[in-house]
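This report concerns only the one structure given below.
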Amino acid sequence: MFRCVAAVTKIAFSNLNFKHSNLIVRTLRCTFPIAQRVRFAGKRWEEEHYEDGVKWMFLEHSGPLFAPEYEPLPDGIDFYYDGSPMKLSLAAEEVATFYAKMLDHEYTTKDVFRQNFFHDWKKKLKVEQDVIAEIHGYCVMDGHREKIANFKIEPPGLFRGRGDHPKMGKLKKRIMPEDVIINCSRDSNIPEPPKNHHWKEVRFDNKVTWLASWTENVQGLLKYVMLNPSSKLKGEKDWQKYEIARRLKDKIDAIRSQYHRDWKSREMKTRQRAVALYFIDKLALRAGNEKEEGETADTVGCCSLRVEHIKLNENDNGQQCVVEFDFLGKDSIRYYNKVPVEKQVFKNLKLFMENKDPTDDLFDRLNTSDLNKHLQELMEGLTAKVFRTYNASITLQEQLAELTDPEESIAEKILSYNRANRAVAILCNHQRTPPKTYEKSMKNIQAKIEAKKEQLAVAKKDLKNAKVDHKVKKDEKSKQMVEKKKKLLQRIEEQLMKLEVQATDREENKQIALGTSKLNYLDPRITVAWCKKWHVPIEKIYNKTQREKFAWAIDMTDENFEF
DNA sequence: GGGCGAACTTAGTATTGGAATG
DNA sequence: CATTCCAATACTAAGTTCGCCC
């Protein structure tokens with residue numbers, strides 16, 4: 001049998017109404033003998049007919065002709081958004097021109113038309129974003145393709161500081177390529193600046209981790225483009241952080257004994273250092289660097305506490321030597337706490353406050369640099385922030401051991417985990433403003449619980465009836481019905497329990513943010529080991545992003561891990 | 001030794017997208 | 001199928017630490 005193979009044929013369409021005369025057409029593979037293709041000439045109506053329903057025995061054509069590709073708008077014609085030109089992908093631009101062509105038509109005044117258009121156009125824009133993220137969102141470092149955390153240059157706008165920030169509302173300028181320093185390796189393809197622009201500098205510094213940087217104009221601070229937490233570089237650093245905290249675990253008793261002794265030191269500086277360290281250890285306060293007045297919001301940490309931030313109460317509701325803290329910490333989050341302290345600490349605080357104004361520094365002989373130098377002598381790599389990491393992680397481990405009940409369901413175990421997590425968040429003072437929808441969402445879940453309780457009552461009744469029915473009939477069918485109703489009841493009980501656990505969790509979480517401690521302070525190996533030990537799927541504790549960040553821990557940890 | 005810049009971690013909130021719901 | 005709701009993600013500000021320079 002003869003086959004006509006695929007061939008590329010140039011056909012002149014000059015007789016047709018086409019602008020392009022030379023089109024390239026691929027003919028299809030055809031399996032019929034060439035002789036059969038065109039057999040007849042003459043009067044079609046005299047040919048024989050096929051049997052019922054059969055319309056033809058041979059059919060051949062070249063397939064439909066497609067619409068020509070979109071021709072982009074010429075230079076100088078731009079799409080404008082909010083008054084300024086905006087670059088669109090070809091696909092998004094094409095769809096925008098469809099609409100533009102119809103601007104004069106009354107269609108474009110109709111809500112349905114506009115909404116439908118926008119809905120579909122948005123999808124095009126989304127695809128465009130994906131393509132951009134694929135190109136700019138990744139880098140290659142030492143043979144690994146790594147995600148970049150913040151590959152987008154921050155857009156211009158009005159500066160939004162937190163709390164009572166003296167620079168709030170100032171204009172944050174647009175960053176141009178001419179402001180940006182690129183960092184990469186000498187033998188790599190150096191990124192191209194946008195057309196008609198150049199970089200401020202291209203640097204080849206492999207002693208730093210950033211890929212690009214620029215100086216922001218409101219505070220004059222450097223901003224960096226860095227890798228995602230899932231990267232090898234960040235993951236190893238994170239691991240190292242927790243290893244330092246674990247070394248502190250072995251030294252903590254000695255360190256605590258020493259600062260107890262130092263409370264009685266003859267030197268005022270040593271006493272202040274010892275009391276400050278006590279606060280950092282016991283209350284998980286931050287170090288507290290000095291800040292330039294008038295440049296930032298007035299917030300403090302341990303070393304920068306002022307006399308006005310604490311009150312001393314000899315007796316507070318029966319408790320002796322109570323220190324009342326009230327100050328704004330990082331992000332202007334209020335720290336309020338009443339803490340009973342050792343007599344010697346109380347005495348020292350009184351001494352530190354003698355003859356001082358409220359706005360004077362509490363620890364006037366101490367700063368973070370002195371404190372960290374001292375800590376470095378106590379243990380290599382020890383700084384003030386290690387205490388937060390250590391105390392957070394050890395608290396999680398202790399709380400999990402205390403709260404986990406082997407008899408409980410998975411849902412209840414997860415509640416226990418969240419409660420352990422919450423104990424840490426409270427220690428670290430990780431707060432959030434309750435969501436605007438909080439009250440409503442609590443009501444919703446209560447309503448769900450009530451509905452589920454009613455369902456439960458019905459299911460119980462049904463089961464009882466089925467049992468009675470079975471007693472009378474004693475047949476297979478009624479027996480199956482009892483089993484069915486039993487299962488249903490069980491399922492509803494489980495659902496109710498889940499809802500109640502969820503409600504409790506949400507209520508206890510009203511003003512507490514768990515995310516920060518989970519992400520930055522809790523050794524993930526504690527969590528992975530706990531999940532393995534109690535057969536809680538890791539997905540129930542860590543979402544996708546968190547699993548990527550903690551891939552190293554998930555990979556290396558077995559159920560026997562101890563912080 | 002302290003002032004300062006650089007580099008990096010930690011932080012809360014605004015926005016988004018997908019699941020749940022009516 | 002549209003709307004509601006919430007978890008996940010995006011965003012970028014605000015800390016800590018370190019090392020250099022005077």
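Naming works like this for the structure tokens: A, B, ... for the chains as they're shown, residue 1 at the start of each chain, ligands 1 onward in shown order.
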
Show me, as a compact mmCIF listing (two decimals) with N, CA, C and O atoms (P, O5', C5', C4', C3', O3' and C1' of nucleotides), in the first residue's frame, the residues of chain C whose atoms get within 12 Å of chain A, using only C-alpha atoms (C1' of nucleotides) for the distance check.
# COMPACT_ATOMS: atom_id res chain seq x y z
P DT C 4 -21.07 37.50 51.53
O5' DT C 4 -20.38 36.33 52.37
C5' DT C 4 -21.16 35.23 52.80
C4' DT C 4 -20.29 34.33 53.64
C3' DT C 4 -19.39 35.09 54.63
O3' DT C 4 -19.48 34.40 55.87
C1' DT C 4 -18.08 33.68 53.24
P DC C 5 -18.74 34.89 57.20
O5' DC C 5 -17.45 33.98 57.15
C5' DC C 5 -17.60 32.55 57.19
C4' DC C 5 -16.22 31.95 57.17
C3' DC C 5 -15.25 32.64 58.13
O3' DC C 5 -14.71 31.63 58.97
C1' DC C 5 -14.30 32.46 55.95
P DC C 6 -13.93 31.96 60.29
O5' DC C 6 -12.52 31.32 59.96
C5' DC C 6 -12.45 30.02 59.37
C4' DC C 6 -11.13 29.90 58.68
C3' DC C 6 -9.94 30.36 59.52
O3' DC C 6 -8.98 29.32 59.45
C1' DC C 6 -9.85 31.35 57.39
P DA C 7 -7.89 29.13 60.56
O5' DA C 7 -6.76 28.40 59.70
C5' DA C 7 -7.16 27.46 58.69
C4' DA C 7 -6.18 27.54 57.55
C3' DA C 7 -4.72 27.57 57.97
O3' DA C 7 -4.02 26.71 57.07
C1' DA C 7 -5.21 29.52 56.71
P DA C 8 -2.47 26.48 57.15
O5' DA C 8 -1.95 27.41 55.97
C5' DA C 8 -2.46 27.19 54.66
C4' DA C 8 -1.85 28.20 53.72
C3' DA C 8 -0.34 28.34 53.83
O3' DA C 8 0.17 28.21 52.52
C1' DA C 8 -1.37 30.48 54.03
P DT C 9 1.69 28.40 52.18
O5' DT C 9 1.73 29.94 51.79
C5' DT C 9 0.92 30.38 50.71
C4' DT C 9 1.08 31.87 50.59
C3' DT C 9 2.54 32.33 50.44
O3' DT C 9 2.58 33.03 49.22
C1' DT C 9 1.38 33.66 52.03
P DA C 10 3.91 33.67 48.66
O5' DA C 10 3.67 35.21 49.01
C5' DA C 10 2.46 35.83 48.61
C4' DA C 10 2.53 37.29 48.98
C3' DA C 10 3.87 37.96 48.70
O3' DA C 10 3.58 39.22 48.13
C1' DA C 10 3.33 38.20 50.99
P DC C 11 4.73 40.21 47.66
O5' DC C 11 4.95 41.10 48.97
C5' DC C 11 3.85 41.89 49.45
C4' DC C 11 4.27 42.54 50.73
C3' DC C 11 5.65 43.21 50.69
O3' DC C 11 5.46 44.61 50.75
C1' DC C 11 5.26 42.04 52.73
P DT C 12 6.59 45.60 50.31
O5' DT C 12 7.30 45.93 51.69
C5' DT C 12 6.53 46.54 52.73
C4' DT C 12 7.27 46.38 54.02
C3' DT C 12 8.75 46.83 53.96
O3' DT C 12 9.05 47.45 55.17
C1' DT C 12 8.61 44.75 54.89
P DA C 13 9.38 49.03 55.25
O5' DA C 13 9.11 49.28 56.79
C5' DA C 13 7.85 48.91 57.37
C4' DA C 13 8.09 48.39 58.76
C3' DA C 13 9.16 49.13 59.55
O3' DA C 13 8.61 49.32 60.84
C1' DA C 13 9.69 46.80 59.48
P DA C 14 9.43 50.05 62.00
O5' DA C 14 10.13 48.83 62.73
C5' DA C 14 9.35 47.94 63.50
C4' DA C 14 10.31 47.03 64.24
C3' DA C 14 11.44 47.77 64.95
O3' DA C 14 11.69 47.07 66.15
C1' DA C 14 12.37 46.20 63.50
P DG C 15 12.00 47.83 67.50
O5' DG C 15 12.77 46.69 68.29
C5' DG C 15 14.16 46.48 68.09
C4' DG C 15 14.43 45.03 67.87
C3' DG C 15 15.86 44.63 68.22
O3' DG C 15 15.89 44.14 69.52
C1' DG C 15 15.28 43.83 66.04
P DT C 16 17.26 44.11 70.30
O5' DT C 16 18.14 43.03 69.53
C5' DT C 16 17.78 41.66 69.55
C4' DT C 16 18.88 40.85 68.90
C3' DT C 16 20.25 41.00 69.56
O3' DT C 16 20.79 39.70 69.71
C1' DT C 16 20.41 41.55 67.25
P DT C 17 22.11 39.44 70.59
O5' DT C 17 23.25 39.52 69.49
C5' DT C 17 23.26 38.56 68.44
C4' DT C 17 24.33 38.92 67.44
C3' DT C 17 25.71 39.21 68.06
O3' DT C 17 26.61 38.28 67.50
C1' DT C 17 25.14 40.83 66.42
P DC C 18 28.06 38.09 68.07
O5' DC C 18 28.95 38.64 66.86
C5' DC C 18 28.60 38.35 65.51
C4' DC C 18 29.39 39.30 64.65
C3' DC C 18 30.78 39.62 65.20
O3' DC C 18 31.72 39.47 64.15
C1' DC C 18 29.61 41.62 64.74

Requested in this report: Would you please give, as a list in words, all residues of range 54-135 of chain A that DSSP assigns to strand (DSSP E or B) based on the backbone?
Outcome: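 Answer for range 54-135 of chain A restricted to strand (DSSP E or B) is Phe79, Tyr80, Tyr81, Ser84, Pro85 and Met86 of chain A.
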
Query raised in the report: Which residues of chain A are close to chain B, meaning at most 8 Å apart when you count only C-alpha atoms (C1' of nucleotides), and how do they look as a PyMOL selection string?
Result: chain A and resi 208+222+330-331+432+516+520

How would the residues just chosen look if you wrote them out with N, CA and C atoms as an mmCIF file, in the first residue's frame?
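After the write, again.cif holds the following:
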data_model
loop_
_atom_site.group_PDB
_atom_site.id
_atom_site.type_symbol
_atom_site.label_atom_id
_atom_site.label_comp_id
_atom_site.auth_asym_id
_atom_site.auth_seq_id
_atom_site.Cartn_x
_atom_site.Cartn_y
_atom_site.Cartn_z
ATOM 1 N N VAL A 208 29.213 36.771 51.795
ATOM 2 C CA VAL A 208 27.870 37.164 52.248
ATOM 3 C C VAL A 208 26.829 36.321 51.507
ATOM 4 N N LEU A 222 20.084 49.510 54.764
ATOM 5 C CA LEU A 222 20.259 48.591 53.644
ATOM 6 C C LEU A 222 19.138 47.566 53.632
ATOM 7 N N LYS A 330 9.775 45.292 70.959
ATOM 8 C CA LYS A 330 9.871 45.260 69.497
ATOM 9 C C LYS A 330 8.490 45.376 68.852
ATOM 10 N N ASP A 331 8.431 46.150 67.775
ATOM 11 C CA ASP A 331 7.187 46.387 67.052
ATOM 12 C C ASP A 331 6.145 47.103 67.905
ATOM 13 N N ARG A 432 -0.898 39.172 69.083
ATOM 14 C CA ARG A 432 -1.517 39.657 67.853
ATOM 15 C C ARG A 432 -2.772 40.412 68.246
ATOM 16 N N THR A 516 5.320 32.921 65.168
ATOM 17 C CA THR A 516 6.684 33.408 65.333
ATOM 18 C C THR A 516 7.556 32.423 66.103
ATOM 19 N N ASN A 520 10.711 30.475 64.507
ATOM 20 C CA ASN A 520 12.012 31.038 64.842
ATOM 21 C C ASN A 520 12.643 30.566 66.146
#

Report task. Give the helix (DSSP H, G or I) residues of range 316-380 of chain A, as assigned by DSSP on the backbone, as a list in words. Result ->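 Checking each residue of range 316-380 of chain A, the helix (DSSP H, G or I) ones are Lys330, Asp331, Ser332, Lys343, Gln344, Val345, Phe346, Lys347, Asn348, Leu349, Lys350, Leu351, Phe352, Met353, Thr368, Ser369, Asp370, Leu371, Asn372, Lys373, His374, Leu375, Gln376, Glu377 and Leu378 of chain A.
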
Query - Non-local contacts of range 67-76 of chain A (10 Å; only C-alpha atoms (C1' of nucleotides); under 5 positions in same chain excluded) as number ranges by chain - result: A: 89-91, 93-95, 97

Query - Test item: residues at most 8 Å from Asp558 in chain A, only C-alpha atoms (C1' of nucleotides), excluding those fewer than 4 positions along its chain, as a list in words - result: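 Counting only the stated atoms, we get Val528, Ala529 and Lys532 of chain A.
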
Report task. Name all residues at most 12 Å from Glu293 in chain A (count only C-alpha atoms (C1' of nucleotides); drop same-chain ones fewer than 5 positions away) and give them as JSON, numbers by chain. Result -> {"A": [165, 166, 167, 298, 299, 300]}

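Relative to CA of Leu285 in chain A, CA of Leu227 in chain A is found at 28.4 Å.
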
Report task. Tell me which protein, DNA and RNA residues are within 12 Å of range 401-418 of chain A, counting only C-alpha atoms (C1' of nucleotides), leaving out same-chain ones fewer than 2 positions away, and put them as a ChimeraX atom specification. Result -> /A:394-399,420-426,494-509,512-515,517-518,526-531,533-542,562

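Our summary of the geometry notes that CA of Leu65 in chain A is positioned 28.8 Å from CA of Leu103 in chain A.
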
**Report entry** Interatomic distance, CA of Gln344 in chain A to CA of Asp370 in chain A (Å, one decimal)
**Finding:** 22.1 Å

Report task. Determine, counting only C-alpha atoms (C1' of nucleotides), which protein, DNA and RNA residues have an atom within 12 Å of an atom of Met379 in chain A; residues of the same chain fewer than 3 positions away are not included. Present the result as a PyMOL selection string. Result -> chain A and resi 244-252+254-255+372-376+382-384+386

Dump of C-alpha atoms for the selected residues, as a PDB file, in the first residue's frame:
ATOM      1  CA  ILE A 244      24.233  26.530  70.087  1.00  0.00           C
ATOM      2  CA  ALA A 245      21.072  26.613  72.176  1.00  0.00           C
ATOM      3  CA  ARG A 246      21.583  22.932  73.032  1.00  0.00           C
ATOM      4  CA  ARG A 247      25.111  23.685  74.206  1.00  0.00           C
ATOM      5  CA  LEU A 248      23.622  26.294  76.530  1.00  0.00           C
ATOM      6  CA  LYS A 249      21.506  23.532  78.031  1.00  0.00           C
ATOM      7  CA  ASP A 250      24.684  21.932  79.416  1.00  0.00           C
ATOM      8  CA  LYS A 251      25.963  25.218  80.818  1.00  0.00           C
ATOM      9  CA  ILE A 252      22.779  26.785  82.087  1.00  0.00           C
ATOM     10  CA  ALA A 254      26.552  26.997  86.083  1.00  0.00           C
ATOM     11  CA  ILE A 255      25.541  30.259  84.426  1.00  0.00           C
ATOM     12  CA  ASN A 372      27.450  39.856  75.106  1.00  0.00           C
ATOM     13  CA  LYS A 373      31.183  40.091  75.789  1.00  0.00           C
ATOM     14  CA  HIS A 374      30.539  38.559  79.191  1.00  0.00           C
ATOM     15  CA  LEU A 375      28.348  35.833  77.705  1.00  0.00           C
ATOM     16  CA  GLN A 376      31.000  35.008  75.113  1.00  0.00           C
ATOM     17  CA  LEU A 382      26.649  32.601  73.525  1.00  0.00           C
ATOM     18  CA  THR A 383      24.746  35.868  73.081  1.00  0.00           C
ATOM     19  CA  ALA A 384      21.624  37.285  74.720  1.00  0.00           C
ATOM     20  CA  VAL A 386      20.388  32.379  72.576  1.00  0.00           C
TER      21      VAL A 386
END
